[in-house]
Amino acid sequence: MHKNAVILAVIVIFIGLNISIGYIAFAAEPDYIISMVPNVNSVYRGNSLSYDLTLTSIRDFESKIDVKVNDVPEGVDVVVESKGAMLSSEEDLIFKVNVKVDSEAPAGLYDIVIEANGNGLVRSATSQLNIIGTDQIIVVIEDFWYFPNNLTIRAGSEVIWVNKDFAAHTATANNGEFDTKLLQQNQVSLAIVFDKVGIYPWFCVPHPQMVGAVKVVE
């Protein structure tokens with residue numbers, strides 16, 4: 001008898017949990033999600049590109065959508081035309097993200113954050129913009145790090161390192177192909193020209209935890 005009572009109690013609890021979960025799911029407020037495709041975009045200095053920002057309704061969410069752009073790197077202009085756009089439950093709302101990169105924009109990998117506001121519900125999506133350096137690229141050494149520490153450049157371009165720290169630093173190739181030698185504060189390295197396609201990691205001799213890499217493309 002006792003065993004049957006335990007089994008009955010378990011069944012009652014199981015049914016109650018399922019009802020509760022079902023109620024919570026049913027009672028959840030309408031919402032939406034936001035995404036950008038592709039997540040990583042590469043562009044040469046002085047060029048432009050476009051990609052899609054997509055909003056998808058969840059549980060019949062419908063609202064006017066306002067969009068703003070945050071965290072844009074220097075020398076980059078990002079425009080998303082969203083005036084009067086409406087998100088419906090019937091189909092995705094797709095915006096075109098237009099990116100224009102100045103010829104002097106700093107090379108490197110940067111985040112672009114776009115924020116959508118629908119009926120007070122704010123959602124954001126992050127994509128990365130890989131600005132490919134051309135001609136001469138400057139890497140700043142500051143706060144015991146390289147900025148940028150991961151960059152892509154066109155073959156034939158040159159890189160110089162500028163040390164802004166009190167401490168002396170180097171940028172020394174892992175394979176020994178290049179070395180800035182020890183740079184004192186405010187000292188500028190000689191230009192290193194990268195003619196061959198490939199990936200060239202480097203580090204700081206006095207501070208080996210400081211690392212970076214340059215990827216050379218055609």
# chains A, B, ... in the order shown; residues from 1 in each chain; ligands from 1
call {"tool": "residues_around", "arguments": {"residues": "Ile65 (chain A)", "least_positions_apart": "2", "cutoff": "10 Å", "atoms": "only C-alpha atoms", "output": "number ranges by chain"}}
result
A: 55, 62-63, 67, 82-87, 93, 116-122
call {"tool": "write_last_selection", "arguments": {"atoms": "N, CA and C atoms", "output": "PDB file, in the first residue's frame"}}
result
ATOM      1  N   LEU A  55      16.055  40.231 -38.315  1.00  0.00           N
ATOM      2  CA  LEU A  55      15.234  40.163 -37.114  1.00  0.00           C
ATOM      3  C   LEU A  55      14.146  39.122 -37.333  1.00  0.00           C
ATOM      4  N   GLU A  62       5.180  41.595 -32.940  1.00  0.00           N
ATOM      5  CA  GLU A  62       5.053  42.574 -34.014  1.00  0.00           C
ATOM      6  C   GLU A  62       5.294  43.965 -33.450  1.00  0.00           C
ATOM      7  N   SER A  63       6.125  44.744 -34.133  1.00  0.00           N
ATOM      8  CA  SER A  63       6.435  46.085 -33.630  1.00  0.00           C
ATOM      9  C   SER A  63       7.207  46.877 -34.681  1.00  0.00           C
ATOM     10  N   VAL A  67      16.766  51.023 -35.134  1.00  0.00           N
ATOM     11  CA  VAL A  67      18.105  50.428 -35.079  1.00  0.00           C
ATOM     12  C   VAL A  67      19.154  51.516 -34.914  1.00  0.00           C
ATOM     13  N   SER A  82      16.638  52.066 -41.150  1.00  0.00           N
ATOM     14  CA  SER A  82      15.550  51.339 -40.480  1.00  0.00           C
ATOM     15  C   SER A  82      14.310  52.196 -40.262  1.00  0.00           C
ATOM     16  N   LYS A  83      14.282  53.391 -40.813  1.00  0.00           N
ATOM     17  CA  LYS A  83      13.166  54.309 -40.568  1.00  0.00           C
ATOM     18  C   LYS A  83      11.836  53.697 -40.998  1.00  0.00           C
ATOM     19  N   GLY A  84      10.900  53.619 -40.049  1.00  0.00           N
ATOM     20  CA  GLY A  84       9.561  53.128 -40.352  1.00  0.00           C
ATOM     21  C   GLY A  84       9.455  51.635 -40.572  1.00  0.00           C
ATOM     22  N   ALA A  85      10.520  50.868 -40.285  1.00  0.00           N
ATOM     23  CA  ALA A  85      10.483  49.418 -40.531  1.00  0.00           C
ATOM     24  C   ALA A  85       9.610  48.719 -39.496  1.00  0.00           C
ATOM     25  N   MET A  86       8.852  47.737 -39.956  1.00  0.00           N
ATOM     26  CA  MET A  86       7.956  46.978 -39.080  1.00  0.00           C
ATOM     27  C   MET A  86       8.326  45.494 -39.133  1.00  0.00           C
ATOM     28  N   LEU A  87       8.411  44.901 -37.948  1.00  0.00           N
ATOM     29  CA  LEU A  87       8.626  43.460 -37.854  1.00  0.00           C
ATOM     30  C   LEU A  87       7.283  42.787 -37.626  1.00  0.00           C
ATOM     31  N   LEU A  93      12.454  40.334 -40.867  1.00  0.00           N
ATOM     32  CA  LEU A  93      12.747  41.696 -41.299  1.00  0.00           C
ATOM     33  C   LEU A  93      14.254  41.776 -41.547  1.00  0.00           C
ATOM     34  N   ALA A 116      18.859  46.866 -31.734  1.00  0.00           N
ATOM     35  CA  ALA A 116      17.485  47.061 -32.215  1.00  0.00           C
ATOM     36  C   ALA A 116      16.565  47.289 -31.024  1.00  0.00           C
ATOM     37  N   ASN A 117      15.570  48.145 -31.226  1.00  0.00           N
ATOM     38  CA  ASN A 117      14.582  48.428 -30.183  1.00  0.00           C
ATOM     39  C   ASN A 117      13.197  48.238 -30.782  1.00  0.00           C
ATOM     40  N   GLY A 118      12.503  47.229 -30.286  1.00  0.00           N
ATOM     41  CA  GLY A 118      11.148  46.963 -30.736  1.00  0.00           C
ATOM     42  C   GLY A 118      10.192  46.987 -29.560  1.00  0.00           C
ATOM     43  N   ASN A 119       9.369  48.016 -29.504  1.00  0.00           N
ATOM     44  CA  ASN A 119       8.385  48.127 -28.423  1.00  0.00           C
ATOM     45  C   ASN A 119       9.039  48.087 -27.040  1.00  0.00           C
ATOM     46  N   GLY A 120      10.224  48.709 -26.933  1.00  0.00           N
ATOM     47  CA  GLY A 120      10.932  48.751 -25.660  1.00  0.00           C
ATOM     48  C   GLY A 120      11.810  47.551 -25.384  1.00  0.00           C
ATOM     49  N   LEU A 121      11.713  46.506 -26.198  1.00  0.00           N
ATOM     50  CA  LEU A 121      12.585  45.341 -26.056  1.00  0.00           C
ATOM     51  C   LEU A 121      13.849  45.576 -26.886  1.00  0.00           C
ATOM     52  N   VAL A 122      14.988  45.667 -26.207  1.00  0.00           N
ATOM     53  CA  VAL A 122      16.248  45.969 -26.878  1.00  0.00           C
ATOM     54  C   VAL A 122      17.048  44.682 -27.053  1.00  0.00           C
TER      55      VAL A 122
END
call {"tool": "closest_atom_pairs", "arguments": {"of": "region 59-169 of chain A", "to": "region 183-190 of chain A", "cutoff": "7 Å", "atoms": "only C-alpha atoms", "output": "Markdown table"}}
result
| residue | atom | partner | partner_atom | distance |
| --- | --- | --- | --- | --- |
| A:Ile160 | CA | A:Ser189 | CA | 5.6 |
| A:Trp161 | CA | A:Ser189 | CA | 5.3 |
| A:Val162 | CA | A:Val188 | CA | 4.6 |
| A:Asn163 | CA | A:Asn186 | CA | 5.2 |
| A:Lys164 | CA | A:Asn186 | CA | 5.2 |
| A:Asp165 | CA | A:Gln185 | CA | 5.5 |
| A:Phe166 | CA | A:Gln185 | CA | 5.3 |
| A:Ala167 | CA | A:Gln185 | CA | 6.8 |
| A:Ala168 | CA | A:Gln184 | CA | 4.6 |
| A:His169 | CA | A:Leu183 | CA | 5.3 |
call {"tool": "closest_residue", "arguments": {"among": "A:Gly133, A:Ser57, A:Asn98, A:Pro208", "to": "Ile112 (chain A)", "atoms": "only C-alpha atoms"}}
result
A:Asn98
call {"tool": "residues_around", "arguments": {"residues": "Ser48 (chain A)", "least_positions_apart": "6", "cutoff": "7 Å", "atoms": "only C-alpha atoms", "output": "ChimeraX atom specification"}}
result
/A:99-101
call {"tool": "residues_around", "arguments": {"residues": "region 33-44 of chain A", "least_positions_apart": "5", "cutoff": "7 Å", "atoms": "only C-alpha atoms", "output": "PDB file with N, CA and C atoms, in the first residue's frame"}}
result
ATOM      1  N   TYR A  51      26.233  43.754 -45.761  1.00  0.00           N
ATOM      2  CA  TYR A  51      25.791  42.440 -45.298  1.00  0.00           C
ATOM      3  C   TYR A  51      24.449  42.602 -44.598  1.00  0.00           C
ATOM      4  N   ASP A  52      23.833  41.483 -44.215  1.00  0.00           N
ATOM      5  CA  ASP A  52      22.451  41.503 -43.735  1.00  0.00           C
ATOM      6  C   ASP A  52      22.347  41.465 -42.210  1.00  0.00           C
ATOM      7  N   LEU A  53      21.404  42.258 -41.713  1.00  0.00           N
ATOM      8  CA  LEU A  53      20.967  42.211 -40.316  1.00  0.00           C
ATOM      9  C   LEU A  53      19.544  41.660 -40.334  1.00  0.00           C
ATOM     10  N   THR A  54      19.313  40.558 -39.635  1.00  0.00           N
ATOM     11  CA  THR A  54      18.019  39.876 -39.693  1.00  0.00           C
ATOM     12  C   THR A  54      17.339  39.859 -38.336  1.00  0.00           C
ATOM     13  N   LEU A  55      16.055  40.231 -38.315  1.00  0.00           N
ATOM     14  CA  LEU A  55      15.234  40.163 -37.114  1.00  0.00           C
ATOM     15  C   LEU A  55      14.146  39.122 -37.333  1.00  0.00           C
ATOM     16  N   THR A  56      13.960  38.247 -36.364  1.00  0.00           N
ATOM     17  CA  THR A  56      12.975  37.170 -36.459  1.00  0.00           C
ATOM     18  C   THR A  56      12.017  37.232 -35.287  1.00  0.00           C
ATOM     19  N   SER A  57      10.721  37.241 -35.597  1.00  0.00           N
ATOM     20  CA  SER A  57       9.690  37.301 -34.558  1.00  0.00           C
ATOM     21  C   SER A  57       9.568  35.954 -33.844  1.00  0.00           C
ATOM     22  N   ARG A 123      17.453  44.426 -28.276  1.00  0.00           N
ATOM     23  CA  ARG A 123      18.277  43.265 -28.595  1.00  0.00           C
ATOM     24  C   ARG A 123      19.473  43.746 -29.409  1.00  0.00           C
ATOM     25  N   SER A 124      20.623  43.081 -29.260  1.00  0.00           N
ATOM     26  CA  SER A 124      21.808  43.498 -30.001  1.00  0.00           C
ATOM     27  C   SER A 124      22.509  42.302 -30.624  1.00  0.00           C
ATOM     28  N   ALA A 125      23.263  42.581 -31.679  1.00  0.00           N
ATOM     29  CA  ALA A 125      24.053  41.549 -32.363  1.00  0.00           C
ATOM     30  C   ALA A 125      25.428  42.132 -32.653  1.00  0.00           C
ATOM     31  N   SER A 127      29.009  41.695 -34.918  1.00  0.00           N
ATOM     32  CA  SER A 127      29.784  41.093 -36.000  1.00  0.00           C
ATOM     33  C   SER A 127      31.189  41.670 -35.917  1.00  0.00           C
ATOM     34  N   GLN A 128      32.126  41.041 -36.623  1.00  0.00           N
ATOM     35  CA  GLN A 128      33.501  41.523 -36.610  1.00  0.00           C
ATOM     36  C   GLN A 128      33.895  42.019 -37.997  1.00  0.00           C
ATOM     37  N   LEU A 129      34.600  43.136 -37.999  1.00  0.00           N
ATOM     38  CA  LEU A 129      35.093  43.736 -39.228  1.00  0.00           C
ATOM     39  C   LEU A 129      36.612  43.610 -39.246  1.00  0.00           C
ATOM     40  N   ASN A 130      37.121  42.881 -40.230  1.00  0.00           N
ATOM     41  CA  ASN A 130      38.556  42.716 -40.384  1.00  0.00           C
ATOM     42  C   ASN A 130      39.040  43.702 -41.443  1.00  0.00           C
ATOM     43  N   ILE A 131      39.661  44.793 -40.986  1.00  0.00           N
ATOM     44  CA  ILE A 131      40.161  45.806 -41.909  1.00  0.00           C
ATOM     45  C   ILE A 131      41.558  45.391 -42.361  1.00  0.00           C
ATOM     46  N   ILE A 132      41.694  45.127 -43.657  1.00  0.00           N
ATOM     47  CA  ILE A 132      42.962  44.676 -44.209  1.00  0.00           C
ATOM     48  C   ILE A 132      43.832  45.892 -44.522  1.00  0.00           C
ATOM     49  N   GLY A 133      44.994  45.927 -43.903  1.00  0.00           N
ATOM     50  CA  GLY A 133      45.891  47.061 -44.066  1.00  0.00           C
ATOM     51  C   GLY A 133      46.568  47.073 -45.425  1.00  0.00           C
TER      52      GLY A 133
END
call {"tool": "atom_distance", "arguments": {"atom1": "CA of Met210 (chain A)", "atom2": "CA of Val197 (chain A)"}}
result
23.5 Å
call {"tool": "closest_residue", "arguments": {"among": "A:Tyr200, A:Asn70, A:Val193, A:Ile153", "to": "Ala173 (chain A)", "atoms": "only C-alpha atoms"}}
result
A:Tyr200
call {"tool": "closest_residue", "arguments": {"among": "A:Thr134, A:Pro106, A:Thr172, A:Glu177", "to": "Val216 (chain A)", "atoms": "only C-alpha atoms"}}
result
A:Thr134
call {"tool": "select_by_dssp", "arguments": {"residues": "region 36-158 of chain A", "states": "strand (DSSP E or B)", "output": "PyMOL selection string"}}
result
chain A and resi 36-37+40-44+48-58+63-70+76-80+86-87+93-101+108-118+121-133+136-142+145-147+150-154+157-158
call {"tool": "atom_distance", "arguments": {"atom1": "CA of Gly75 (chain A)", "atom2": "CA of Ile199 (chain A)"}}
result
25.4 Å
call {"tool": "closest_residue", "arguments": {"among": "A:Trp202, A:Gly176, A:Gly156, A:Asp31", "to": "Arg59 (chain A)", "atoms": "only C-alpha atoms"}}
result
A:Asp31
call {"tool": "residues_around", "arguments": {"residues": "Leu151 (chain A)", "least_positions_apart": "3", "cutoff": "7 Å", "atoms": "only C-alpha atoms", "output": "list in words"}}
result
Ala107, Gly108, Leu109, Pro148, Ala213, Val214 and Lys215 of chain A
call {"tool": "select_by_dssp", "arguments": {"residues": "chain A", "states": "helix (DSSP H, G or I)", "output": "PyMOL selection string"}}
result
chain A and resi 2-27
call {"tool": "write_last_selection", "arguments": {"atoms": "N, CA and C atoms", "output": "tab-separated table (two decimals), in the first residue's frame"}}
result
chain	number	residue	atom	x	y	z
A	2	HIS	N	1.88	1.21	0.85
A	2	HIS	CA	2.78	2.36	0.93
A	2	HIS	C	3.47	2.60	-0.42
A	3	LYS	N	3.85	1.52	-1.09
A	3	LYS	CA	4.52	1.61	-2.39
A	3	LYS	C	3.61	2.26	-3.42
A	4	ASN	N	2.33	1.88	-3.42
A	4	ASN	CA	1.38	2.48	-4.37
A	4	ASN	C	1.20	3.96	-4.13
A	5	ALA	N	1.22	4.37	-2.88
A	5	ALA	CA	1.06	5.79	-2.54
A	5	ALA	C	2.24	6.60	-3.05
A	6	VAL	N	3.43	6.03	-2.93
A	6	VAL	CA	4.63	6.72	-3.43
A	6	VAL	C	4.56	6.88	-4.94
A	7	ILE	N	4.16	5.81	-5.63
A	7	ILE	CA	4.05	5.86	-7.09
A	7	ILE	C	3.03	6.91	-7.51
A	8	LEU	N	1.91	6.95	-6.80
A	8	LEU	CA	0.86	7.93	-7.12
A	8	LEU	C	1.37	9.34	-6.91
A	9	ALA	N	2.11	9.55	-5.84
A	9	ALA	CA	2.66	10.89	-5.55
A	9	ALA	C	3.62	11.33	-6.64
A	10	VAL	N	4.46	10.40	-7.10
A	10	VAL	CA	5.41	10.72	-8.18
A	10	VAL	C	4.68	11.10	-9.45
A	11	ILE	N	3.63	10.36	-9.77
A	11	ILE	CA	2.84	10.66	-10.98
A	11	ILE	C	2.21	12.04	-10.89
A	12	VAL	N	1.64	12.35	-9.71
A	12	VAL	CA	1.00	13.66	-9.51
A	12	VAL	C	2.01	14.78	-9.67
A	13	ILE	N	3.21	14.60	-9.08
A	13	ILE	CA	4.26	15.62	-9.20
A	13	ILE	C	4.68	15.79	-10.64
A	14	PHE	N	4.86	14.68	-11.36
A	14	PHE	CA	5.28	14.73	-12.76
A	14	PHE	C	4.27	15.48	-13.61
A	15	ILE	N	2.98	15.17	-13.40
A	15	ILE	CA	1.93	15.86	-14.16
A	15	ILE	C	1.91	17.35	-13.83
A	16	GLY	N	2.07	17.65	-12.54
A	16	GLY	CA	2.07	19.06	-12.12
A	16	GLY	C	3.21	19.83	-12.74
A	17	LEU	N	4.41	19.22	-12.81
A	17	LEU	CA	5.56	19.90	-13.41
A	17	LEU	C	5.31	20.15	-14.89
A	18	ASN	N	4.77	19.18	-15.59
A	18	ASN	CA	4.51	19.35	-17.01
A	18	ASN	C	3.49	20.45	-17.27
A	19	ILE	N	2.45	20.51	-16.43
A	19	ILE	CA	1.44	21.56	-16.57
A	19	ILE	C	2.07	22.92	-16.33
A	20	SER	N	2.94	23.00	-15.29
A	20	SER	CA	3.59	24.28	-14.96
A	20	SER	C	4.49	24.74	-16.08
A	21	ILE	N	5.31	23.82	-16.61
A	21	ILE	CA	6.22	24.17	-17.71
A	21	ILE	C	5.43	24.60	-18.93
A	22	GLY	N	4.36	23.88	-19.24
A	22	GLY	CA	3.53	24.24	-20.37
A	22	GLY	C	2.90	25.61	-20.20
A	23	TYR	N	2.48	25.91	-18.97
A	23	TYR	CA	1.87	27.22	-18.70
A	23	TYR	C	2.89	28.33	-18.87
A	24	ILE	N	4.11	28.10	-18.36
A	24	ILE	CA	5.15	29.12	-18.47
A	24	ILE	C	5.47	29.39	-19.93
A	25	ALA	N	5.60	28.31	-20.72
A	25	ALA	CA	5.90	28.47	-22.14
A	25	ALA	C	4.77	29.21	-22.86
A	26	PHE	N	3.55	28.85	-22.52
A	26	PHE	CA	2.40	29.49	-23.16
A	26	PHE	C	2.28	30.95	-22.75
A	27	ALA	N	2.65	31.23	-21.48
A	27	ALA	CA	2.47	32.59	-20.96
A	27	ALA	C	3.64	33.51	-21.30
call {"tool": "atom_distance", "arguments": {"atom1": "CA of Ile141 (chain A)", "atom2": "CA of Glu104 (chain A)"}}
result
19.0 Å
call {"tool": "closest_residue", "arguments": {"among": "A:Ala191, A:Val80, A:Pro30, A:Ile58", "to": "Ile94 (chain A)", "atoms": "only C-alpha atoms"}}
result
A:Val80
call {"tool": "closest_residue", "arguments": {"among": "A:Val139, A:Glu115, A:Asp92, A:Leu49", "to": "Gly212 (chain A)", "atoms": "only C-alpha atoms"}}
result
A:Val139
